[in-house]
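Data file: query16.cif. Format and content: mmCIF, C-alpha atoms and all ligand atoms.
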data_data
#
loop_
_atom_site.label_atom_id
_atom_site.label_comp_id
_atom_site.auth_asym_id
_atom_site.auth_seq_id
_atom_site.Cartn_x
_atom_site.Cartn_y
_atom_site.Cartn_z
CA MET A 1 -3.16 -2.28 -29.61
CA GLN A 2 -6.25 -0.04 -29.58
CA THR A 3 -6.61 -0.58 -25.84
CA LEU A 4 -2.95 0.23 -25.22
CA ARG A 5 -3.23 3.32 -27.43
CA PHE A 6 -6.33 4.47 -25.53
CA ILE A 7 -4.63 3.95 -22.16
CA ALA A 8 -1.48 5.79 -23.30
CA GLN A 9 -3.51 8.71 -24.67
CA SER A 10 -5.58 8.84 -21.49
CA ASP A 11 -2.44 8.83 -19.33
CA LEU A 12 -0.80 11.54 -21.46
CA SER A 13 -3.91 13.72 -21.25
CA TRP A 14 -3.14 14.21 -17.53
CA LEU A 15 0.25 15.80 -18.19
CA ARG A 16 0.61 19.41 -16.95
CA ARG A 17 -2.87 19.39 -15.41
CA THR A 18 -3.66 19.92 -11.75
CA VAL A 19 -3.74 16.67 -9.79
CA PRO A 20 -7.43 15.69 -9.57
CA ARG A 21 -7.72 15.04 -5.83
CA THR A 22 -11.31 13.86 -5.85
CA GLU A 23 -11.20 11.74 -9.01
CA TRP A 24 -11.90 8.02 -8.59
CA PHE A 25 -9.68 6.11 -11.02
CA THR A 26 -10.80 2.62 -10.10
CA ASN A 27 -13.80 0.60 -11.24
CA PRO A 28 -16.08 -0.46 -8.37
CA THR A 29 -15.78 -4.11 -9.40
CA THR A 30 -11.98 -4.15 -9.19
CA VAL A 31 -10.64 -6.63 -6.65
CA ASN A 32 -7.61 -4.72 -5.42
CA ALA A 33 -6.67 -1.79 -3.22
CA PHE A 34 -4.54 1.26 -3.93
CA TYR A 35 -2.51 4.04 -2.37
CA SER A 36 -1.73 7.22 -4.29
CA SER A 37 1.03 9.45 -2.95
CA SER A 38 0.14 12.39 -5.23
CA THR A 39 -3.44 12.54 -3.94
CA ASN A 40 -2.68 11.16 -0.45
CA GLN A 41 -5.52 8.75 -1.04
CA ILE A 42 -6.21 5.08 -0.39
CA ARG A 43 -8.90 3.30 -2.40
CA PHE A 44 -10.84 0.13 -1.65
CA PRO A 45 -13.25 -0.63 -4.50
CA ALA A 46 -16.43 -2.52 -3.63
CA GLY A 47 -14.98 -5.62 -5.29
CA GLU A 48 -12.36 -5.79 -2.53
CA LEU A 49 -14.84 -5.31 0.32
CA GLN A 50 -16.34 -8.80 0.23
CA LYS A 51 -15.26 -12.42 0.77
CA PRO A 52 -12.55 -13.62 0.91
CA PHE A 53 -11.37 -10.24 2.25
CA PHE A 54 -14.31 -8.95 4.24
CA TRP A 55 -16.29 -11.66 6.07
CA GLY A 56 -19.00 -9.87 8.05
CA ARG A 57 -20.45 -10.67 11.46
CA ASP A 58 -21.26 -14.34 10.88
CA TYR A 59 -17.60 -15.36 10.81
CA PRO A 60 -14.72 -15.07 13.27
CA ARG A 61 -13.41 -11.49 13.10
CA SER A 62 -9.89 -12.84 12.76
CA LEU A 63 -10.76 -13.70 9.13
CA THR A 64 -11.64 -10.09 8.34
CA TYR A 65 -8.71 -8.62 10.29
CA GLY A 66 -6.33 -11.13 8.69
CA ALA A 67 -7.56 -10.26 5.20
CA ILE A 68 -8.99 -6.77 4.62
CA GLY A 69 -7.44 -5.56 7.89
CA VAL A 70 -3.98 -6.40 6.59
CA ILE A 71 -4.81 -4.80 3.23
CA VAL A 72 -6.07 -1.58 4.84
CA GLY A 73 -2.96 -1.48 7.01
CA HIS A 74 -0.80 -2.14 3.95
CA GLU A 75 -2.28 0.79 2.01
CA LEU A 76 -2.09 3.14 5.01
CA THR A 77 1.53 2.17 5.60
CA HIS A 78 2.39 3.09 2.00
CA GLY A 79 1.82 6.70 3.01
CA PHE A 80 4.86 6.40 5.29
CA ASP A 81 7.15 4.08 3.33
CA ASN A 82 10.34 5.02 1.48
CA ASN A 83 8.26 6.61 -1.31
CA GLY A 84 5.03 7.77 0.36
CA GLY A 85 6.90 9.46 3.18
CA LYS A 86 8.32 11.92 0.65
CA TYR A 87 4.85 13.39 0.03
CA ASP A 88 3.09 15.76 2.39
CA LYS A 89 -0.56 15.69 3.47
CA ASP A 90 -1.60 17.42 0.25
CA GLY A 91 0.23 14.96 -1.99
CA ASN A 92 3.05 17.34 -2.81
CA MET A 93 6.59 15.99 -2.89
CA GLU A 94 7.74 18.02 0.08
CA GLN A 95 10.03 17.04 2.96
CA TRP A 96 7.91 17.00 6.11
CA TRP A 97 10.06 14.66 8.19
CA SER A 98 12.98 16.09 10.18
CA ASN A 99 16.46 15.21 8.96
CA ALA A 100 16.91 13.11 12.12
CA SER A 101 13.72 11.16 11.31
CA ILE A 102 14.88 10.54 7.75
CA THR A 103 18.25 9.28 8.98
CA ALA A 104 16.65 7.00 11.58
CA PHE A 105 14.13 5.71 9.03
CA THR A 106 16.88 4.99 6.49
CA ASP A 107 18.95 3.16 9.13
CA LYS A 108 15.98 1.00 10.12
CA THR A 109 15.05 0.18 6.53
CA GLN A 110 18.51 -1.32 6.01
CA CYS A 111 17.51 -4.12 8.39
CA MET A 112 14.49 -4.89 6.22
CA ILE A 113 16.54 -4.67 3.02
CA ASP A 114 19.05 -7.16 4.47
CA GLN A 115 16.28 -9.50 5.61
CA TYR A 116 14.61 -9.62 2.19
CA ASN A 117 17.96 -9.86 0.37
CA SER A 118 18.44 -13.16 2.21
CA TYR A 119 15.24 -14.72 0.78
CA ARG A 120 16.27 -17.06 -2.00
CA TRP A 121 14.39 -18.94 -4.69
CA GLU A 122 16.74 -21.89 -5.18
CA GLU A 123 15.19 -23.21 -8.42
CA ALA A 124 15.77 -19.86 -10.12
CA GLY A 125 19.06 -19.16 -8.39
CA LEU A 126 17.75 -15.73 -7.39
CA ASN A 127 17.41 -13.70 -4.23
CA VAL A 128 14.83 -11.02 -3.54
CA ARG A 129 16.25 -7.55 -4.14
CA GLY A 130 15.35 -6.04 -0.82
CA LYS A 131 15.98 -2.46 -1.87
CA ARG A 132 13.74 -2.81 -4.92
CA THR A 133 10.87 -4.38 -2.95
CA LEU A 134 11.32 -2.18 0.13
CA ALA A 135 8.08 -0.18 -0.18
CA GLU A 136 5.96 -3.33 -0.49
CA ASN A 137 7.85 -5.06 2.32
CA ILE A 138 7.36 -2.06 4.61
CA ALA A 139 3.66 -1.97 3.70
CA ASP A 140 3.22 -5.73 4.22
CA ASN A 141 4.90 -5.64 7.63
CA GLY A 142 3.04 -2.48 8.67
CA GLY A 143 -0.25 -3.90 7.44
CA ILE A 144 -0.06 -7.17 9.33
CA ARG A 145 1.13 -5.40 12.47
CA ALA A 146 -1.73 -2.87 12.35
CA ALA A 147 -4.32 -5.59 11.71
CA PHE A 148 -3.01 -7.80 14.53
CA GLU A 149 -2.88 -4.89 16.98
CA GLY A 150 -6.40 -3.86 15.93
CA LEU A 151 -7.71 -7.38 16.46
CA GLN A 152 -6.09 -7.62 19.88
CA LYS A 153 -7.53 -4.23 20.86
CA VAL A 154 -11.06 -5.27 19.86
CA ASP A 155 -10.72 -8.66 21.57
CA ARG A 156 -9.56 -7.00 24.82
CA ARG A 157 -12.71 -4.87 24.92
CA GLU A 158 -14.91 -7.97 25.19
ZN ZN B 201 1.50 -2.16 -1.83
#

Translate this file's structure into structure tokens.
Amino acid sequence: MQTLRFIAQSDLSWLRRTVPRTEWFTNPTTVNAFYSSSTNQIRFPAGELQKPFFWGRDYPRSLTYGAIGVIVGHELTHGFDNNGGKYDKDGNMEQWWSNASITAFTDKTQCMIDQYNSYRWEEAGLNVRGKRTLAENIADNGGIRAAFEGLQKVDRRE
């Protein structure tokens, strides 16, 4: 309860203050990665930048591209998903896409919503709610695509 109280008080202390654009909210040992729309920032703590995500030169590069490459692509893609795309380069909630782009984006996301709606967990009798998971699904698909294209580009240079 003391921990929860501390976290709640810490979170509330940020209300009505200017967004701290250079603040680092993550411990270096955290094994995770983050995107923040309000600071237009992606974060990869040191804990994430090692095996089994980052493999170094002694291993096939496909391991690194398939792990941290996908994660980097995932976080970058969040900046352009159905939430991140609503924030401008400064992290302000400001429309910076044309109306035509927003319409085209919304039309294309319906395909992804339909696809994920069809995924079913039989034992639970539940389907994925594609609209609810849309941002993560966009980021996952964008991340794996960016990593695969990056790997192919590097492989072609050799
Ligand atoms: Zn994500």

Spatial neighbours of range 74-91 of chain A, max dist 9 Å, only C-alpha atoms, sep filter under 5 positions, as a PyMOL selection string = chain A and resi 19+21+33-43+69+96-97+105-106+109+134-136+138-144+146

Produce a file of the selected residues containing C-alpha atoms, as a short mmCIF file (atom, residue, chain, number, x, y, z; two decimals), in the frame of the given file.
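Below is the file that was written, out_31.cif:
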data_model
loop_
_atom_site.label_atom_id
_atom_site.label_comp_id
_atom_site.auth_asym_id
_atom_site.auth_seq_id
_atom_site.Cartn_x
_atom_site.Cartn_y
_atom_site.Cartn_z
CA VAL A 19 -3.74 16.67 -9.79
CA ARG A 21 -7.72 15.04 -5.83
CA ALA A 33 -6.67 -1.79 -3.22
CA PHE A 34 -4.54 1.26 -3.93
CA TYR A 35 -2.51 4.04 -2.37
CA SER A 36 -1.73 7.22 -4.29
CA SER A 37 1.03 9.45 -2.95
CA SER A 38 0.14 12.39 -5.23
CA THR A 39 -3.44 12.54 -3.94
CA ASN A 40 -2.68 11.16 -0.45
CA GLN A 41 -5.52 8.75 -1.04
CA ILE A 42 -6.21 5.08 -0.39
CA ARG A 43 -8.90 3.30 -2.40
CA GLY A 69 -7.44 -5.56 7.89
CA TRP A 96 7.91 17.00 6.11
CA TRP A 97 10.06 14.66 8.19
CA PHE A 105 14.13 5.71 9.03
CA THR A 106 16.88 4.99 6.49
CA THR A 109 15.05 0.18 6.53
CA LEU A 134 11.32 -2.18 0.13
CA ALA A 135 8.08 -0.18 -0.18
CA GLU A 136 5.96 -3.33 -0.49
CA ILE A 138 7.36 -2.06 4.61
CA ALA A 139 3.66 -1.97 3.70
CA ASP A 140 3.22 -5.73 4.22
CA ASN A 141 4.90 -5.64 7.63
CA GLY A 142 3.04 -2.48 8.67
CA GLY A 143 -0.25 -3.90 7.44
CA ILE A 144 -0.06 -7.17 9.33
CA ALA A 146 -1.73 -2.87 12.35
#

Option closest in space to Glu149 in chain A, from A:Ser62, A:Thr18, A:Ser98, A:Gln2 [counting only C-alpha atoms] =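 Closest candidate: A:Ser62.
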
message = Between A:Leu4, A:Met112, A:Val31, A:Ile71, which residue has the minimum interatomic distance to ligand ZN 201 (chain B), considering only C-alpha atoms and all ligand atoms?
response = A:Ile71

task = Report the distance between CA of Ile102 in chain A and CA of Lys131 in chain A in Å, rounded to one decimal place.
result = 16.2 Å

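With only C-alpha atoms and all ligand atoms as the atoms that count, the minimum distance from ligand ZN 201 (chain B) to the choices A:Leu126, A:Thr3, A:Arg16, A:Gly73 is reached by A:Gly73.
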
key: Point-to-point distance from CA of Tyr65 in chain A to CA of Gln50 in chain A, Å rounded to tenths   =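 Answer for the CA of Tyr65 in chain A to CA of Gln50 in chain A separation: 12.6 Å.
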
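Proximity to ligand ZN 201 (chain B) was assessed for A:Ala46, A:Val72, A:Arg157, A:Pro20 counting only C-alpha atoms and all ligand atoms; the smallest distance is recorded for A:Val72.
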
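The smallest atom-to-atom distance between ligand ZN 201 (chain B) and any of A:Asp58, A:Ser101, A:Asn32, A:Tyr116, using all atoms listed in the file, is found for A:Asn32.
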
message = Measuring between all atoms listed in the file, which one of A:Val70, A:Glu123, A:Leu151, A:Thr29 shows the shortest distance to ligand ZN 201 (chain B)?
response =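 The shortest atom-to-atom distance to ligand ZN 201 (chain B) comes from A:Val70.
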
Distance of CA of Gln110 in chain A from CA of Gly125 in chain A, expressed in Å to one decimal place = 22.9 Å

message = I'd like the contact shell of Phe53 in chain A - 7 Å cut-off, all atoms listed in the file, skipping same-chain residues fewer than 4 positions apart - returned as a list in words.
response = Glu48, Leu49, Thr64, Ala67 and Ile68 of chain A
